[in-house]
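Listing of work.pdb, PDB, C-alpha atoms and all ligand atoms
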```pdb
ATOM      1  CA  MET A   1      74.164 -69.018 108.546
ATOM      2  CA  LEU A   2      76.623 -66.218 107.843
ATOM      3  CA  ARG A   3      76.605 -62.592 108.940
ATOM      4  CA  ILE A   4      78.979 -59.812 107.997
ATOM      5  CA  HIS A   5      79.101 -56.789 110.304
ATOM      6  CA  ASP A   6      80.740 -53.542 109.223
ATOM      7  CA  VAL A   7      83.567 -55.319 107.466
ATOM      8  CA  SER A   8      86.348 -53.344 105.781
ATOM      9  CA  LYS A   9      89.460 -54.615 104.082
ATOM     10  CA  SER A  10      92.481 -52.618 102.951
ATOM     11  CA  TYR A  11      95.510 -53.841 101.038
ATOM     12  CA  HIS A  12      98.589 -51.651 101.657
ATOM     13  CA  ASN A  13      96.433 -48.706 102.744
ATOM     14  CA  GLN A  14      94.164 -49.071  99.720
ATOM     15  CA  THR A  15      90.595 -49.835 100.667
ATOM     16  CA  ALA A  16      89.056 -52.736  98.737
ATOM     17  CA  ILE A  17      85.966 -53.197 100.957
ATOM     18  CA  LYS A  18      84.288 -50.432 102.938
ATOM     19  CA  ASN A  19      81.943 -51.189 105.822
ATOM     20  CA  ILE A  20      79.840 -53.873 104.241
ATOM     21  CA  ASN A  21      76.940 -55.517 106.056
ATOM     22  CA  PHE A  22      74.946 -58.478 104.844
ATOM     23  CA  GLU A  23      73.831 -61.949 105.716
ATOM     24  CA  ILE A  24      73.328 -65.156 103.819
ATOM     25  CA  LEU A  25      70.476 -67.312 105.053
ATOM     26  CA  CYS A  26      70.169 -71.107 104.888
ATOM     27  CA  ASN A  27      69.032 -72.327 101.459
ATOM     28  CA  GLU A  28      69.413 -68.900  99.929
ATOM     29  CA  PHE A  29      70.762 -68.163  96.430
ATOM     30  CA  VAL A  30      72.451 -64.783  96.738
ATOM     31  CA  CYS A  31      74.153 -62.921  93.907
ATOM     32  CA  LEU A  32      76.930 -60.428  94.295
ATOM     33  CA  ILE A  33      77.190 -58.165  91.281
ATOM     34  CA  GLY A  34      79.716 -55.511  90.406
ATOM     35  CA  GLU A  35      82.249 -54.578  87.793
ATOM     36  CA  SER A  36      85.863 -55.662  87.797
ATOM     37  CA  GLY A  37      87.783 -54.347  90.806
ATOM     38  CA  SER A  38      84.664 -53.624  92.871
ATOM     39  CA  GLY A  39      85.774 -56.061  95.594
ATOM     40  CA  LYS A  40      83.777 -59.214  94.784
ATOM     41  CA  SER A  41      86.657 -61.688  95.143
ATOM     42  CA  THR A  42      87.899 -59.937  98.271
ATOM     43  CA  THR A  43      84.433 -60.379  99.803
ATOM     44  CA  ALA A  44      84.520 -64.076  98.883
ATOM     45  CA  GLU A  45      88.015 -64.509 100.327
ATOM     46  CA  LEU A  46      86.984 -62.811 103.560
ATOM     47  CA  ILE A  47      84.078 -65.257 103.893
ATOM     48  CA  MET A  48      86.389 -68.178 103.132
ATOM     49  CA  GLY A  49      88.848 -66.961 105.765
ATOM     50  CA  ILE A  50      91.752 -66.689 103.311
ATOM     51  CA  GLN A  51      91.785 -62.928 103.902
ATOM     52  CA  PHE A  52      91.165 -61.230 107.228
ATOM     53  CA  PRO A  53      89.084 -58.079 107.708
ATOM     54  CA  THR A  54      90.967 -54.896 108.568
ATOM     55  CA  SER A  55      87.949 -54.109 110.744
ATOM     56  CA  GLY A  56      84.551 -55.634 111.420
ATOM     57  CA  VAL A  57      83.341 -59.134 112.202
ATOM     58  CA  ILE A  58      82.294 -62.166 110.172
ATOM     59  CA  GLU A  59      80.020 -64.505 112.092
ATOM     60  CA  LYS A  60      79.634 -68.037 110.796
ATOM     61  CA  GLU A  61      77.530 -70.838 112.142
ATOM     62  CA  HIS A  62      79.662 -73.654 113.462
ATOM     63  CA  CYS A  63      78.392 -76.122 110.854
ATOM     64  CA  CYS A  64      78.904 -73.705 107.959
ATOM     65  CA  THR A  65      81.261 -75.606 105.658
ATOM     66  CA  ILE A  66      82.174 -73.566 102.625
ATOM     67  CA  GLN A  67      83.468 -74.549  99.209
ATOM     68  CA  TYR A  68      84.864 -72.121  96.654
ATOM     69  CA  ILE A  69      84.809 -72.546  92.881
ATOM     70  CA  TYR A  70      87.336 -70.544  90.914
ATOM     71  CA  GLN A  71      86.756 -68.474  87.818
ATOM     72  CA  ASN A  72      89.439 -70.495  86.074
ATOM     73  CA  PRO A  73      88.588 -74.228  86.136
ATOM     74  CA  GLU A  74      92.281 -75.063  85.598
ATOM     75  CA  ARG A  75      92.778 -74.137  89.255
ATOM     76  CA  SER A  76      90.392 -76.896  90.377
ATOM     77  CA  PHE A  77      92.169 -79.783  88.632
ATOM     78  CA  ASN A  78      95.609 -81.289  88.278
ATOM     79  CA  PRO A  79      96.388 -81.041  84.528
ATOM     80  CA  TYR A  80      98.109 -84.455  84.495
ATOM     81  CA  TRP A  81      95.427 -86.400  86.321
ATOM     82  CA  THR A  82      92.246 -87.903  84.941
ATOM     83  CA  MET A  83      89.072 -86.198  86.112
ATOM     84  CA  GLU A  84      88.303 -89.336  88.090
ATOM     85  CA  LYS A  85      91.536 -89.033  90.069
ATOM     86  CA  SER A  86      90.941 -85.321  90.745
ATOM     87  CA  LEU A  87      87.372 -85.969  91.891
ATOM     88  CA  MET A  88      88.273 -88.968  94.043
ATOM     89  CA  GLU A  89      91.262 -87.367  95.773
ATOM     90  CA  PRO A  90      89.416 -85.322  98.416
ATOM     91  CA  LEU A  91      87.142 -88.284  99.174
ATOM     92  CA  LEU A  92      90.075 -90.631  99.657
ATOM     93  CA  LEU A  93      91.703 -88.068 101.943
ATOM     94  CA  LYS A  94      88.488 -88.137 103.964
ATOM     95  CA  LYS A  95      88.838 -91.941 104.031
ATOM     96  CA  GLU A  96      85.553 -92.542 102.238
ATOM     97  CA  GLN A  97      84.791 -95.915 100.671
ATOM     98  CA  LEU A  98      85.968 -96.287  97.095
ATOM     99  CA  ASP A  99      82.798 -97.718  95.547
ATOM    100  CA  SER A 100      80.361 -95.441  97.369
ATOM    101  CA  SER A 101      82.493 -92.442  96.353
ATOM    102  CA  LYS A 102      82.473 -93.546  92.735
ATOM    103  CA  ARG A 103      78.696 -94.058  92.881
ATOM    104  CA  ARG A 104      78.186 -90.568  94.329
ATOM    105  CA  ILE A 105      80.324 -89.016  91.579
ATOM    106  CA  LEU A 106      78.373 -90.845  88.857
ATOM    107  CA  GLU A 107      75.056 -89.757  90.409
ATOM    108  CA  LEU A 108      76.108 -86.115  90.436
ATOM    109  CA  MET A 109      77.442 -86.376  86.894
ATOM    110  CA  GLU A 110      74.118 -87.734  85.744
ATOM    111  CA  MET A 111      72.328 -84.817  87.396
ATOM    112  CA  ALA A 112      74.746 -82.498  85.580
ATOM    113  CA  ASN A 113      74.106 -84.244  82.274
ATOM    114  CA  LEU A 114      77.728 -85.338  81.950
ATOM    115  CA  SER A 115      78.800 -88.614  80.388
ATOM    116  CA  SER A 116      80.818 -90.937  82.639
ATOM    117  CA  GLU A 117      83.389 -91.134  79.820
ATOM    118  CA  LEU A 118      84.708 -87.758  80.948
ATOM    119  CA  LEU A 119      86.152 -89.402  84.051
ATOM    120  CA  GLN A 120      88.947 -90.943  82.011
ATOM    121  CA  ARG A 121      89.900 -87.620  80.405
ATOM    122  CA  THR A 122      92.401 -85.021  81.563
ATOM    123  CA  PRO A 123      91.254 -81.381  81.944
ATOM    124  CA  SER A 124      92.607 -80.382  78.513
ATOM    125  CA  GLN A 125      90.313 -82.996  76.920
ATOM    126  CA  CYS A 126      87.160 -81.405  78.409
ATOM    127  CA  SER A 127      85.352 -78.234  77.340
ATOM    128  CA  GLY A 128      85.191 -75.188  79.609
ATOM    129  CA  GLY A 129      81.555 -75.897  80.473
ATOM    130  CA  GLN A 130      82.291 -79.553  81.269
ATOM    131  CA  LYS A 131      85.224 -78.549  83.483
ATOM    132  CA  GLN A 132      83.135 -76.066  85.447
ATOM    133  CA  ARG A 133      80.361 -78.643  85.946
ATOM    134  CA  LEU A 134      82.998 -81.103  87.210
ATOM    135  CA  ALA A 135      84.441 -78.392  89.477
ATOM    136  CA  ILE A 136      80.961 -77.891  90.964
ATOM    137  CA  ILE A 137      80.677 -81.656  91.522
ATOM    138  CA  ARG A 138      84.102 -81.749  93.171
ATOM    139  CA  ALA A 139      82.956 -79.007  95.552
ATOM    140  CA  LEU A 140      79.643 -80.785  96.280
ATOM    141  CA  LEU A 141      81.452 -83.973  97.287
ATOM    142  CA  MET A 142      82.582 -82.071 100.404
ATOM    143  CA  ASN A 143      78.930 -81.488 101.423
ATOM    144  CA  PRO A 144      79.203 -77.713 101.729
ATOM    145  CA  LYS A 145      76.516 -75.632 103.399
ATOM    146  CA  LEU A 146      77.632 -72.633 101.346
ATOM    147  CA  LEU A 147      79.009 -72.759  97.832
ATOM    148  CA  ILE A 148      80.794 -69.661  96.553
ATOM    149  CA  ALA A 149      81.014 -69.454  92.768
ATOM    150  CA  ASP A 150      83.333 -66.597  91.769
ATOM    151  CA  GLU A 151      82.675 -65.606  88.135
ATOM    152  CA  ILE A 152      82.713 -69.266  87.149
ATOM    153  CA  THR A 153      80.946 -68.615  83.853
ATOM    154  CA  SER A 154      82.766 -65.518  82.682
ATOM    155  CA  ALA A 155      84.854 -67.473  80.144
ATOM    156  CA  LEU A 156      81.838 -69.361  78.774
ATOM    157  CA  ASP A 157      79.302 -68.612  76.067
ATOM    158  CA  PRO A 158      75.836 -67.455  77.236
ATOM    159  CA  GLU A 159      74.195 -70.871  76.623
ATOM    160  CA  SER A 160      76.774 -72.688  78.771
ATOM    161  CA  GLU A 161      76.419 -69.950  81.364
ATOM    162  CA  LYS A 162      72.665 -70.459  81.543
ATOM    163  CA  MET A 163      73.076 -74.228  81.863
ATOM    164  CA  ILE A 164      75.591 -73.862  84.703
ATOM    165  CA  ILE A 165      73.461 -71.360  86.619
ATOM    166  CA  ASN A 166      70.407 -73.626  86.304
ATOM    167  CA  LEU A 167      72.480 -76.575  87.469
ATOM    168  CA  LEU A 168      73.715 -74.665  90.507
ATOM    169  CA  LYS A 169      70.117 -73.771  91.338
ATOM    170  CA  LYS A 170      69.078 -77.428  91.020
ATOM    171  CA  PHE A 171      71.906 -78.560  93.327
ATOM    172  CA  GLN A 172      71.167 -75.735  95.775
ATOM    173  CA  VAL A 173      67.562 -76.890  96.171
ATOM    174  CA  GLU A 174      68.360 -80.625  96.143
ATOM    175  CA  PHE A 175      71.164 -80.429  98.726
ATOM    176  CA  HIS A 176      69.704 -77.656 100.917
ATOM    177  CA  MET A 177      72.675 -75.368 100.681
ATOM    178  CA  SER A 178      73.229 -71.670 100.100
ATOM    179  CA  VAL A 179      74.985 -70.265  97.065
ATOM    180  CA  LEU A 180      76.883 -66.995  96.747
ATOM    181  CA  TYR A 181      77.048 -66.451  93.016
ATOM    182  CA  ILE A 182      79.455 -63.746  91.907
ATOM    183  CA  THR A 183      79.155 -62.210  88.460
ATOM    184  CA  HIS A 184      79.293 -58.956  86.551
ATOM    185  CA  ARG A 185      76.416 -59.972  84.245
ATOM    186  CA  ILE A 186      73.252 -58.958  86.043
ATOM    187  CA  GLN A 187      70.565 -60.380  83.791
ATOM    188  CA  SER A 188      72.037 -63.901  83.802
ATOM    189  CA  VAL A 189      70.833 -64.547  87.356
ATOM    190  CA  SER A 190      67.376 -62.981  87.228
ATOM    191  CA  ASN A 191      65.568 -66.344  87.221
ATOM    192  CA  VAL A 192      67.454 -68.083  90.002
ATOM    193  CA  ALA A 193      68.527 -65.512  92.591
ATOM    194  CA  ASP A 194      66.593 -64.976  95.807
ATOM    195  CA  ARG A 195      68.464 -61.762  96.381
ATOM    196  CA  ILE A 196      70.923 -59.565  94.493
ATOM    197  CA  MET A 197      73.524 -57.326  96.125
ATOM    198  CA  VAL A 198      75.211 -54.661  94.028
ATOM    199  CA  LEU A 199      78.810 -53.835  94.909
ATOM    200  CA  LYS A 200      80.478 -50.614  93.780
ATOM    201  CA  GLU A 201      84.001 -49.635  94.819
ATOM    202  CA  GLY A 202      83.848 -51.838  97.887
ATOM    203  CA  THR A 203      80.421 -50.675  99.063
ATOM    204  CA  ILE A 204      77.063 -52.417  98.728
ATOM    205  CA  VAL A 205      74.952 -49.750  97.063
ATOM    206  CA  GLU A 206      71.729 -51.702  96.615
ATOM    207  CA  THR A 207      70.127 -55.000  97.689
ATOM    208  CA  GLY A 208      66.825 -56.482  96.560
ATOM    209  CA  SER A 209      64.970 -59.227  94.751
ATOM    210  CA  PRO A 210      65.872 -59.708  91.073
ATOM    211  CA  SER A 211      62.613 -58.077  89.967
ATOM    212  CA  GLN A 212      63.199 -55.060  92.228
ATOM    213  CA  ILE A 213      66.781 -54.660  91.090
ATOM    214  CA  ILE A 214      66.165 -55.236  87.386
ATOM    215  CA  ASN A 215      62.793 -53.527  86.963
ATOM    216  CA  GLN A 216      63.105 -50.743  89.540
ATOM    217  CA  PRO A 217      66.790 -50.113  90.161
ATOM    218  CA  LYS A 218      67.281 -47.248  92.597
ATOM    219  CA  HIS A 219      70.976 -46.580  92.349
ATOM    220  CA  PRO A 220      72.372 -45.021  89.152
ATOM    221  CA  TYR A 221      75.205 -47.586  89.185
ATOM    222  CA  THR A 222      72.707 -50.465  89.147
ATOM    223  CA  LYS A 223      70.957 -48.831  86.179
ATOM    224  CA  LYS A 224      74.289 -48.570  84.418
ATOM    225  CA  LEU A 225      75.070 -52.257  85.026
ATOM    226  CA  ILE A 226      71.673 -53.297  83.663
ATOM    227  CA  GLU A 227      72.012 -51.117  80.581
ATOM    228  CA  ALA A 228      75.498 -52.491  79.892
ATOM    229  CA  SER A 229      74.258 -56.031  80.359
ATOM    230  CA  TYR A 230      71.337 -55.581  77.918
ATOM    231  CA  TYR A 231      73.506 -53.703  75.458
ATOM    232  CA  PHE A 232      75.890 -56.656  75.160
ATOM    233  CA  GLU A 233      73.044 -59.161  75.027
ATOM    234  CA  ASN A 234      71.358 -57.256  72.170
ATOM    235  CA  LYS A 235      74.620 -56.929  70.325
ATOM    236  CA  ARG A 236      75.152 -60.663  70.627
ATOM    237  CA  LEU A 237      71.629 -61.503  69.417
ATOM    238  CA  LYS A 238      71.993 -59.138  66.457
ATOM    239  CA  GLY A 239      75.337 -60.752  65.656
ATOM    240  CA  LEU A 240      73.674 -64.180  65.648
ATOM    241  CA  GLY A 241      71.141 -63.018  63.061
ATOM    242  CA  GLN A 242      73.771 -61.882  60.620
ATOM    243  CA  PRO A 243      75.394 -64.042  57.949
ATOM    244  CA  ARG A 244      78.672 -65.451  59.156
ATOM    245  CA  GLN A 245      81.830 -63.974  57.769
ATOM    246  CA  ALA A 246      84.263 -66.472  56.331
TER     247      ALA A 246
HETATM  248  P1  LIG H 301      86.754 -58.051  91.832
HETATM  249  O1  LIG H 301      86.786 -59.489  92.226
HETATM  250  O2  LIG H 301      85.416 -57.405  91.974
HETATM  251  O3  LIG H 301      87.314 -57.818  90.465
HETATM  252  P2  LIG H 301      88.858 -57.747  93.837
HETATM  253  O4  LIG H 301      88.275 -58.089  95.145
HETATM  254  O5  LIG H 301      89.712 -58.765  93.183
HETATM  255  O6  LIG H 301      87.708 -57.241  92.849
HETATM  256  O7  LIG H 301      89.746 -56.420  93.989
HETATM  257  C1  LIG H 301      89.299 -55.255  94.666
HETATM  258  C2  LIG H 301      90.475 -54.284  94.810
HETATM  259  O8  LIG H 301      91.439 -54.820  95.693
HETATM  260  C3  LIG H 301      91.214 -54.025  93.498
HETATM  261  O9  LIG H 301      91.613 -52.692  93.486
HETATM  262  C4  LIG H 301      92.409 -54.959  93.582
HETATM  263  O10 LIG H 301      93.490 -54.463  92.842
HETATM  264  C5  LIG H 301      92.709 -54.994  95.070
HETATM  265  N1  LIG H 301      93.265 -56.304  95.510
HETATM  266  C6  LIG H 301      92.646 -57.496  95.453
HETATM  267  N2  LIG H 301      93.401 -58.477  95.963
HETATM  268  C7  LIG H 301      94.560 -57.893  96.365
HETATM  269  C8  LIG H 301      95.756 -58.375  96.982
HETATM  270  N3  LIG H 301      95.910 -59.656  97.317
HETATM  271  N4  LIG H 301      96.740 -57.471  97.254
HETATM  272  C9  LIG H 301      96.588 -56.161  96.941
HETATM  273  N5  LIG H 301      95.478 -55.642  96.365
HETATM  274  C10 LIG H 301      94.483 -56.490  96.069
HETATM  275 MG    MG H 302      87.228 -61.240  91.115
END
```
Show me this structure written as C-alpha cells.
Ligand code: ADP
Ligand code: MG
Amino acid sequence: MLRIHDVSKSYHNQTAIKNINFEILCNEFVCLIGESGSGKSTTAELIMGIQFPTSGVIEKEHCCTIQYIYQNPERSFNPYWTMEKSLMEPLLLKKEQLDSSKRRILELMEMANLSSELLQRTPSQCSGGQKQRLAIIRALLMNPKLLIADEITSALDPESEKMIINLLKKFQVEFHMSVLYITHRIQSVSNVADRIMVLKEGTIVETGSPSQIINQPKHPYTKKLIEASYYFENKRLKGLGQPRQA
C-alpha cells in the first residue's frame, strides 16, 4: 500500500534521513524503533506528506488514507471543547448524519473500554490513557487505511502502554488497516508487531520479525536498544517490589 524508495531528507544541510527503503503492506502492523533524534517523526511526516523528501520517491496507493496520532494527546483535542464535540467535528465536516456518527463513536468507545460519560468531559478531565484512546477513536472515524502512531504511549505508565498497544492491534485487525507504530521501547511491541524496523541516525539498520529482532539481533545498535529496554523494565519491576517511601 505504501513504498519508500531511496528516500533522504535534510533540514538546512543536516541529514535526518539517509536513503531509506521499506514498504508497508495492507493489514500489516509495522514498528519503527530508534532512539530520540534517529529520524522517526521525520519518516512519519514524509509518509503523511507534511515534509517532502530531499531525494527519493514515496509511492502510495490511491486509496491510502492516512491518519496520524500525536505523541502529545493535547494536540488532538481542543482544550475548551467536550470530547464529544472534538470527536464529532470531523464527522460533521464530512456531512455525516448526527445519530449514526454518535452511534459509531459509542461503539468504538465500548471496544476501547471507555465509559460514555467521558464524552461530556474536557481533555483536562480525562487521564492520559483515556485521551490517547479517544485520539485513536477520532482517527478511526476517518476510516484510515494506515494509522501512524508516533510515540503515543511514551508519557504513559507501562500498563496503560500495553492496553493501548493491544487496542491498536484489535482495531487494526477489525478494520483491516495497517499501523505504523513508532516507539523507542522495543519490548513493548513484541507481541503485536508483524515486522520491526530499527532506525539509527536516519538509516534503517535492521528489519525482521519481533522474534528475530529480539532473540537474534544482528546489529550492535539493536542489541543496545534491547539491553536498554530490559534494563529499565527490570529496574521498574524491582522498584515495584520495594516498600514505598513516604
Ligand atoms: P525522532 O522522531 O526519532 O526523535 P526526528 O525525526 O524528530 O527524530 O529528528 C531527526 C533529526 O532531524 C534531528 O536531528 C532533529 O533535530 C532534526 N529535525 C527534525 N525536524 C526538523 C525540522 N522541522 N527542522 C530542522 N531540523 C529538524
Ligand atoms: Mg519523534
A:Glu28, A:Glu117, A:Glu35, A:Glu96 ranked by distance to Met1 of chain A, top pick (using only C-alpha atoms):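 With only C-alpha atoms as the atom set, the closest residue is A:Glu28.
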Residue with smallest distance to Glu227 of chain A - pool A:Thr82, A:Thr122, A:Ser38, A:Asn215, counting all atoms listed in the file: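 Looking at the shortest contact to Glu227 of chain A, the residue is A:Asn215.
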Shell of 9 Å around ligand LIG 301 (chain H) (only C-alpha atoms and all ligand atoms), written as a VMD selection string: chain A and resid 9 to 12 14 to 17 33 to 45 51 150 to 151 182 to 184 199 to 202
Nearest to ligand MG 302 (chain H) by atom-to-atom distance, counting all atoms listed in the file, from A:Leu32, A:Met142, A:Ile214, A:Met88: A:Leu32
Two-atom distance - atom CA of Ser178 of chain A, atom CA of Pro158 of chain A (Å):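 The value is 23.4 Å.
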Explicit residue set for the PyMOL selection byres (((chain A and resi 48) around 12) and not hetatm), as a list of chain:residue names: A:Leu2, A:Ser41, A:Thr42, A:Thr43, A:Ala44, A:Glu45, A:Leu46, A:Ile47, A:Gly49, A:Ile50, A:Gln51, A:Phe52, A:Pro53, A:Ile58, A:Glu59, A:Lys60, A:Cys64, A:Thr65, A:Ile66, A:Gln67, A:Tyr68, A:Ile69, A:Leu146, A:Leu147, A:Ile148, A:Ala149, A:Asp150, A:Leu180
With the PyMOL selection byres (((chain A and resi 83) around 10) and not hetatm) as the selection, what would be picked from this file? Answer as a compact mmCIF listing (two decimals) with C-alpha atoms, in the coordinates of the input, please.
```txt
# COMPACT_ATOMS: atom_id res chain seq x y z
CA PHE A 77 92.17 -79.78 88.63
CA ASN A 78 95.61 -81.29 88.28
CA PRO A 79 96.39 -81.04 84.53
CA TYR A 80 98.11 -84.46 84.50
CA TRP A 81 95.43 -86.40 86.32
CA THR A 82 92.25 -87.90 84.94
CA GLU A 84 88.30 -89.34 88.09
CA LYS A 85 91.54 -89.03 90.07
CA SER A 86 90.94 -85.32 90.74
CA LEU A 87 87.37 -85.97 91.89
CA MET A 88 88.27 -88.97 94.04
CA GLU A 89 91.26 -87.37 95.77
CA GLU A 117 83.39 -91.13 79.82
CA LEU A 118 84.71 -87.76 80.95
CA LEU A 119 86.15 -89.40 84.05
CA GLN A 120 88.95 -90.94 82.01
CA ARG A 121 89.90 -87.62 80.40
CA THR A 122 92.40 -85.02 81.56
CA PRO A 123 91.25 -81.38 81.94
CA GLN A 125 90.31 -83.00 76.92
CA CYS A 126 87.16 -81.40 78.41
CA LYS A 131 85.22 -78.55 83.48
CA LEU A 134 83.00 -81.10 87.21
CA ALA A 135 84.44 -78.39 89.48
CA ARG A 138 84.10 -81.75 93.17
```
Extending 5 Å beyond the listed atoms of segment 159-176 of chain A on each side, what axis-aligned box results? I want centre and edge lengths in Å to one decimal, as JSON.
```
{"center_x": 72.2, "center_y": -75.3, "center_z": 88.8, "size_x": 19.2, "size_y": 20.7, "size_z": 34.3}
```
Coordinates-based distance that separates atom CA of Pro144 of chain A from atom CA of Met177 of chain A (Å, one decimal): 7.0 Å
Nearest candidate to ligand MG 302 (chain H) (options A:Val173, A:Leu167, A:Ile196, A:Ile152; using only C-alpha atoms and all ligand atoms): A:Ile152
Atomic separation - atom CA of Gln212 of chain A relative to atom CA of Val7 of chain A, Å: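 For atom CA of Val7 of chain A relative to atom CA of Gln212 of chain A, the distance reads 25.4 Å.
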